[in-house]
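Taking it in order: structure first as structure tokens, then the write-up.
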Amino acid sequence: MNVAQALSEIIYVDRFIATLMQVVIEHAGAETGTLILLEDDQLIVVAQCSGSRQCDLEKIAVADCATIPISVIHSVERSQATLVFDDAVREPSFLTDPYIQHQQTRSLLCMPILKQRQLIGILYLENNLSTGVFTRDRLPILNLLMAQAAISLENAQLYEQLADYTETLERTVEAQTQALQQEIAERQQTEAALRQSEAKFRKIFENSQVGIYRTRTCDGLILDANQRFADLFGFDSPEDVIGLKYTTDYYVNPSDRQQAIEMMKRDGEVRSFEVQMRKRDGTSFWGLFSSYLNADDDYIEGVIADISEQQAALCERKQAEAALQTSEERLRLALTASNQGLYDMNLKTEEIVVNPEYALMLGYDPATFHESKSRWVESLHPDDRESMVAIYRGFITGEAPNYRAEYRLRTRDGQWKWILSVGKIVAWNESGEPIRALGVYTDIDDLKRAEAASILEERNRMAREIHDTLAQAFTGILAQVGAANQVLTDDVEAAQAHLDLIKELARTGLTEARRSVVALRPQLLEEGSLQSALHRLVAQTRATAMDTTLYYETKGAVYLLPAEVESNLLRMGQEALTNAIRHANADEIRVELVYDRDQVCLRVNDNGQGFGVGSIPSSEGFGLLGMSERAERIGAQLMIRSQPGQGTEIIVTINQE
């Protein structure tokens with residue numbers, strides 16, 4: 001191929017570079033060739049070619065190219081002189097070049113490409129088939145070829161840039177044309193939308209349920225108004241209003257107009273201004289104004305709505321709020337006077353809102369006091385905590401929609417205070433789960449102390465009375481028996497037998513009297529709830545009745561019962577345990593306390609000798625009679641099941657009020 005012909009056919013840079021390298025490799029007798037160009041002050045490999053295959057035109061930095069001796073390239077870059085080696089692998093200056101040593105390079109030519117003495121690129125040729133391929137007589141041709149190539153390369157680059165610029169310019173013109181057409185179309189659409197909007201606005205203006213108006217700033221002349229504006233002031237049509245002056249005559253209180261004008265001058269607008277207006281016939285209505293000042297065109301435009309009904313409702317609401325505040329104040333004073341606190345509990349978050357009286361009740365500052373379920377549990381007396389947590393669990397699960405409980409809370413100074421808490425669930429979610437509870441706290445500490453003192457005094461009185469009567473009588477019997485032993489001489493054996501019986505009966509009675517005194521003194525219920533008191537009673541009985549196995553179990557969500565009910569249930573349980581151990585000769589006793597939603601049931605079951613329920617003489621059934629009386633006193637149902645040889649079951653059931 002003729003070089004000039006080849007160059008004249010070149011249009012694009014990539015095509016020119018590929019053709020140039022094929023011509024150079026052919027004329028120089030090279031096996032492979034690499035063209036390196038200087039782009040942005042960096043040497044870039046732009047073509048790697050061989051005589052047997054197409055050129056690889058992928059661009060890569062010289063430093064990253066593994067198919068050329070980089071040290072040779074940099075040497076030519078620095079010196080701008082051509083290097084020709086007949087056997088490169090033996091050149092002393094490049095013995096350490098990794099590429100030459102690895103490839104065992106033979107013939108090598110590396111030539112700078114200069115334009116006006118400025119380096120624009122480097123040509124690298126290589127032939128590993130033989131040595132001495134690139135002779136000196138080939139250099140002038142290559143120099144001439146590279147000089148022409150430098151000019152053609154620059155022209156090709158300029159032509160490509162011109163082609164890119166032309167294409168870019170055409171695209172820009174086309175894009176601007178399209179944008180202009182789009183703008184024209186959008187403007188037409190906007191104008192059409194504006195016309196529609198104006199028509200819609202006019203329709204809204206004419207049919208609006210609020211009055212719309214425009215007045216002149218200097219004299220208040222009404223320039224425009226809709227039908228609703230005319231209706232509000234008692235005119236038949238907007239035409240009757242337009243041209244009139246919007247003066248203080250339309251204000252019930254003329255000072256309101258002056259106030260609106262001052263706000264307009266200050267802020268340029270008036271928003272949600274409530275004022276009482278006067279109609280044409282002299283009646284009035286409440287209006288809500290919003291206006292805007294257009295100072296450039298000397299007019300005010302705005303809207304007005306009739307809020308007479310809302311004002312009437314607002315007045316009623318204010319009256320109701322005032323009545324509610326008065327009622328709340330009365331309630332607060334009543335709670336304060338009665339030493340009571342209120343609580344409002346979110347059962348989902350377990351946050352509790354309380355009134356100041358509750359905080360003061362426990363010795364805290366209401367401003368900083370914060371109550372929650374966890375803090376409340378931590379403040380409970382250890383003996384009350386288990387039962388109250390059980391009551392709370394039954395409360396939030398809906399088993400007991402309301403409760404009444406007495407327990408002790410720790411005050412700020414570390415003391416324990418008795419609290420009466422009454423609560424009720426007042427809100428449920430869509431799934432029927434309780435979500436809110438309200439209740440009242442009452443300080444019953446003084447009442448509890450008085451009750452405790454009264455109970456203790458009564459117990460001590462009864463104990464003294466038993467001691468001074470029964471115990472003294474039994475002691476006297478024993479003394480008389482002893483004296484009789486000394487004087488009786490006739491039928492000594494028979495007399496002795498009677499005396500022994502009297503003595504045994506007296507001792508038994510004395511033991512019972514002492515047991516009654518002891519039974520009166522313990523204060524099991526004052527140390528906790530019914531279920532904990534029964535637990536301690538069973539534990540005490542278990543310690544004394546070594547040959548009997550006792551079981552105790554509580555079922556259901558525990559809640560507190562009135563003090564009298566719990567006291568009588570405890571005494572009936574105590575009596576049933578005593579009978580089972582002393583009279584039934586049982587070796588296994590089960591005590592069960594069941595809390596249902598509507599009732600509490602106490603069961604005492606033994607495997608003793610049993611008895612016929614209807615066959616017991618009244619003189620021997622005092623314990624059962626006492627249980628029956630206690631059940632009747634608290635409105636409970638007492639059931640006794642027993643047969644000789646089949647054990648005994650005592651069931652006491654009481655409904656929750």
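In the structure tokens, chains take letters A, B, ... by order of appearance, with residues numbered from 1 within each chain and ligands from 1 in the order shown.
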(message) At a cut-off of 9 Å, using only C-alpha atoms, what residues contact Met639 (chain A)? Leave out same-chain residues fewer than 2 positions from it and give the result as number ranges by chain.
(response) A: 637, 641, 649-653
File dump, residues just selected, N, CA and C atoms, as an mmCIF file, in the first residue's frame:
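Output file result.cif is given in full below:
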```cif
data_model
loop_
_atom_site.group_PDB
_atom_site.id
_atom_site.type_symbol
_atom_site.label_atom_id
_atom_site.label_comp_id
_atom_site.auth_asym_id
_atom_site.auth_seq_id
_atom_site.Cartn_x
_atom_site.Cartn_y
_atom_site.Cartn_z
ATOM 1 N N GLN A 637 -71.057 -20.058 101.825
ATOM 2 C CA GLN A 637 -71.709 -21.367 101.810
ATOM 3 C C GLN A 637 -70.739 -22.399 102.382
ATOM 4 N N ARG A 641 -68.518 -32.795 103.785
ATOM 5 C CA ARG A 641 -68.704 -34.124 103.218
ATOM 6 C C ARG A 641 -67.843 -35.113 104.009
ATOM 7 N N GLU A 649 -64.139 -33.761 103.888
ATOM 8 C CA GLU A 649 -63.859 -32.607 103.023
ATOM 9 C C GLU A 649 -64.750 -31.452 103.472
ATOM 10 N N ILE A 650 -64.123 -30.315 103.771
ATOM 11 C CA ILE A 650 -64.838 -29.103 104.177
ATOM 12 C C ILE A 650 -64.614 -28.050 103.095
ATOM 13 N N ILE A 651 -65.716 -27.504 102.538
ATOM 14 C CA ILE A 651 -65.653 -26.543 101.436
ATOM 15 C C ILE A 651 -66.382 -25.276 101.861
ATOM 16 N N VAL A 652 -65.674 -24.146 101.779
ATOM 17 C CA VAL A 652 -66.275 -22.849 102.091
ATOM 18 C C VAL A 652 -66.188 -21.996 100.826
ATOM 19 N N THR A 653 -67.336 -21.490 100.335
ATOM 20 C CA THR A 653 -67.393 -20.702 99.106
ATOM 21 C C THR A 653 -68.056 -19.367 99.400
#
```
(request) May I have the residues within 9 Å of Glu399 (chain A) as a PyMOL selection string, using only C-alpha atoms and disregarding those fewer than 3 positions away in the same chain? (result) chain A and resi 393-396+557+596-598
Selected residues written out with C-alpha atoms, as a PDB file, in the first residue's frame:
```pdb
ATOM      1  CA  ARG A 393     -52.138  -9.804  86.778  1.00  0.00           C
ATOM      2  CA  GLY A 394     -55.770 -10.831  87.120  1.00  0.00           C
ATOM      3  CA  PHE A 395     -56.790  -7.202  86.675  1.00  0.00           C
ATOM      4  CA  ILE A 396     -54.978  -6.557  83.380  1.00  0.00           C
ATOM      5  CA  ALA A 557     -55.311 -14.711  90.250  1.00  0.00           C
ATOM      6  CA  ASP A 596     -62.159 -17.501  90.520  1.00  0.00           C
ATOM      7  CA  ARG A 597     -63.381 -14.342  88.852  1.00  0.00           C
ATOM      8  CA  ASP A 598     -66.630 -14.271  90.815  1.00  0.00           C
TER       9      ASP A 598
END
```
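By chain and then residue number, the residues within 6 Å of Ser291 (chain A) are A:Glu269, A:Val270, A:Glu301, A:Gly302, counting only C-alpha atoms and disregarding those fewer than 4 positions away in sequence.
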(message) Need to verify the contact set: Asp306 (chain A), 9 Å, only C-alpha atoms, exclusion of same-chain residues closer than 3 positions in sequence. Can you return it as number ranges by chain?
(response) A: 210-211, 232, 285-288, 309-310
Give me the residues near Arg216 (chain A) as a compact mmCIF listing (two decimals) with C-alpha atoms, in the first residue's frame, where near means some atom within 12 Å (using only C-alpha atoms) and where sequence neighbours in that chain fewer than 5 positions away do not count.
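File written: around-v3.txt
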```
# COMPACT_ATOMS: atom_id res chain seq x y z
CA LEU A 221 -65.07 51.50 47.98
CA ILE A 222 -66.20 47.93 47.19
CA LEU A 223 -64.76 47.06 43.75
CA ASP A 224 -65.89 43.45 43.49
CA ILE A 242 -70.37 47.01 44.37
CA GLY A 243 -69.81 50.75 44.51
CA LEU A 244 -70.75 51.09 48.17
CA LYS A 245 -68.20 52.13 50.78
CA TYR A 246 -67.09 49.46 53.24
CA THR A 247 -67.04 51.68 56.33
CA TYR A 292 -54.41 40.77 51.82
CA LEU A 293 -53.11 44.24 50.95
CA ASN A 294 -52.02 44.88 47.34
CA ALA A 295 -50.28 48.21 47.84
CA ASP A 296 -49.09 48.53 44.21
CA ASP A 297 -52.62 48.43 42.81
CA ASP A 298 -54.21 50.17 45.83
CA TYR A 299 -56.74 47.51 46.82
CA ILE A 300 -57.50 44.95 49.52
CA GLU A 301 -58.89 41.53 48.71
CA GLY A 302 -60.13 39.00 51.22
```
(message) Nearest residue to Ala427 (chain A) out of A:Leu169, A:Ala61, A:Leu602, A:Leu347, using only C-alpha atoms?
(response) A:Leu347
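Counting only C-alpha atoms, Asp445 (chain A) has the following residues at most 9 Å away, ignoring those fewer than 5 positions along the same chain: Arg408, Trp416, Lys417, Trp418, Ile419 and Ala450 of chain A.
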Expected file contents, prior selection, N, CA and C atoms, as a CSV table (one decimal), in the first residue's frame:
```csv
chain,number,residue,atom,x,y,z
A,408,ARG,N,-49.4,-2.3,101.9
A,408,ARG,CA,-48.5,-1.3,102.4
A,408,ARG,C,-47.5,-0.8,101.4
A,416,TRP,N,-43.5,2.4,106.3
A,416,TRP,CA,-44.5,1.7,105.6
A,416,TRP,C,-45.9,2.3,105.9
A,417,LYS,N,-46.7,2.6,104.8
A,417,LYS,CA,-48.0,3.2,105.0
A,417,LYS,C,-49.0,2.3,104.4
A,418,TRP,N,-50.1,2.1,105.1
A,418,TRP,CA,-51.3,1.3,104.6
A,418,TRP,C,-52.1,2.1,103.6
A,419,ILE,N,-52.4,1.5,102.4
A,419,ILE,CA,-53.1,2.1,101.4
A,419,ILE,C,-54.3,1.3,101.0
A,450,ALA,N,-55.4,2.0,114.3
A,450,ALA,CA,-56.5,1.9,115.3
A,450,ALA,C,-57.1,0.5,115.3
```
(message) Quick check for you: according to DSSP on this backbone, which residues of region 90-234 of chain A are classed as strand (DSSP E or B)? Reply as a PyMOL selection string.
(response) chain A and resi 107-115+118-127+211-216+221-225
(request) Do a neighbour search on Glu592 (chain A) at 9 Å with only C-alpha atoms, toss out local chain neighbours closer than 2 positions, and write the hits as a PyMOL selection string. (result) chain A and resi 551-555+590+594+601-605
(request) Pick out the closest residue to Ala149 (chain A) from this set: A:Leu530, A:Val46, A:Ile60, A:Met21. Count only C-alpha atoms. (result) A:Met21
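Counting from CA of Asp56 (chain A), the distance to CA of Phe16 (chain A) is 13.3 Å.
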Residues of region 29-184 of chain A in alpha helix (DSSP H), written as a JSON list (two decimals) with C-alpha atoms, in the first residue's frame:
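File produced: part_9.json:
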```
[["chain", "number", "residue", "atom", "x", "y", "z"],
["A", 70, "ILE", "CA", 9.32, 0.28, 30.30],
["A", 71, "SER", "CA", 12.94, 1.25, 31.01],
["A", 72, "VAL", "CA", 13.60, 1.60, 27.26],
["A", 73, "ILE", "CA", 10.47, 3.75, 26.81],
["A", 74, "HIS", "CA", 11.45, 6.13, 29.61],
["A", 75, "SER", "CA", 15.03, 6.33, 28.24],
["A", 76, "VAL", "CA", 13.72, 7.53, 24.85],
["A", 77, "GLU", "CA", 11.29, 9.88, 26.58],
["A", 78, "ARG", "CA", 14.16, 11.56, 28.42],
["A", 79, "SER", "CA", 16.72, 11.65, 25.59],
["A", 98, "PRO", "CA", 12.36, -7.59, 33.52],
["A", 99, "TYR", "CA", 10.55, -7.59, 30.18],
["A", 100, "ILE", "CA", 13.71, -7.92, 28.03],
["A", 101, "GLN", "CA", 15.14, -10.66, 30.22],
["A", 102, "HIS", "CA", 11.86, -12.57, 30.39],
["A", 103, "GLN", "CA", 11.14, -12.31, 26.63],
["A", 139, "LEU", "CA", 15.92, 4.75, 9.99],
["A", 140, "PRO", "CA", 15.58, 7.62, 7.47],
["A", 141, "ILE", "CA", 12.46, 6.04, 6.01],
["A", 142, "LEU", "CA", 10.99, 5.49, 9.48],
["A", 143, "ASN", "CA", 11.88, 9.07, 10.49],
["A", 144, "LEU", "CA", 10.17, 10.42, 7.38],
["A", 145, "LEU", "CA", 7.21, 8.16, 7.93],
["A", 146, "MET", "CA", 6.88, 9.23, 11.58],
["A", 147, "ALA", "CA", 7.18, 12.94, 10.65],
["A", 148, "GLN", "CA", 4.35, 12.56, 8.15],
["A", 149, "ALA", "CA", 2.47, 10.42, 10.69],
["A", 150, "ALA", "CA", 2.78, 13.14, 13.35],
["A", 151, "ILE", "CA", 1.17, 15.70, 11.02],
["A", 152, "SER", "CA", -1.49, 13.29, 9.81],
["A", 153, "LEU", "CA", -2.16, 12.11, 13.36],
["A", 154, "GLU", "CA", -2.72, 15.69, 14.52],
["A", 155, "ASN", "CA", -4.92, 16.41, 11.49],
["A", 156, "ALA", "CA", -6.89, 13.24, 12.10],
["A", 157, "GLN", "CA", -7.33, 14.19, 15.75],
["A", 158, "LEU", "CA", -8.42, 17.70, 14.76],
["A", 159, "TYR", "CA", -10.80, 16.30, 12.17],
["A", 160, "GLU", "CA", -12.27, 13.89, 14.70],
["A", 161, "GLN", "CA", -12.62, 16.72, 17.19],
["A", 162, "LEU", "CA", -14.28, 18.82, 14.46],
["A", 163, "ALA", "CA", -16.60, 15.94, 13.63],
["A", 164, "ASP", "CA", -17.42, 15.52, 17.33],
["A", 165, "TYR", "CA", -17.99, 19.25, 17.67],
["A", 166, "THR", "CA", -20.22, 19.29, 14.57],
["A", 167, "GLU", "CA", -22.19, 16.32, 15.89],
["A", 168, "THR", "CA", -22.45, 17.95, 19.30],
["A", 169, "LEU", "CA", -23.56, 21.22, 17.72],
["A", 170, "GLU", "CA", -26.17, 19.42, 15.66],
["A", 171, "ARG", "CA", -27.43, 17.60, 18.74],
["A", 172, "THR", "CA", -27.49, 20.89, 20.66],
["A", 173, "VAL", "CA", -29.44, 22.65, 17.90],
["A", 174, "GLU", "CA", -31.81, 19.70, 17.66],
["A", 175, "ALA", "CA", -32.24, 19.62, 21.46],
["A", 176, "GLN", "CA", -32.83, 23.39, 21.59],
["A", 177, "THR", "CA", -35.32, 23.09, 18.76],
["A", 178, "GLN", "CA", -37.12, 20.32, 20.59],
["A", 179, "ALA", "CA", -36.95, 22.30, 23.83],
["A", 180, "LEU", "CA", -38.36, 25.36, 22.04],
["A", 181, "GLN", "CA", -41.15, 23.27, 20.57],
["A", 182, "GLN", "CA", -41.78, 21.73, 23.99],
["A", 183, "GLU", "CA", -41.80, 25.20, 25.53],
["A", 184, "ILE", "CA", -44.28, 26.43, 22.95]]
```
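Between CA of Thr135 (chain A) and CA of Leu108 (chain A) the separation is 10.4 Å.
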(message) To one decimal place in Å, what is the distance between CA of Thr544 (chain A) and CA of Ala584 (chain A)?
(response) 16.1 Å
(message) I'd like to know which of A:Ala199, A:Val89, A:Ala260, A:Val600 is closest to Asn128 (chain A), using only C-alpha atoms.
(response) A:Val89
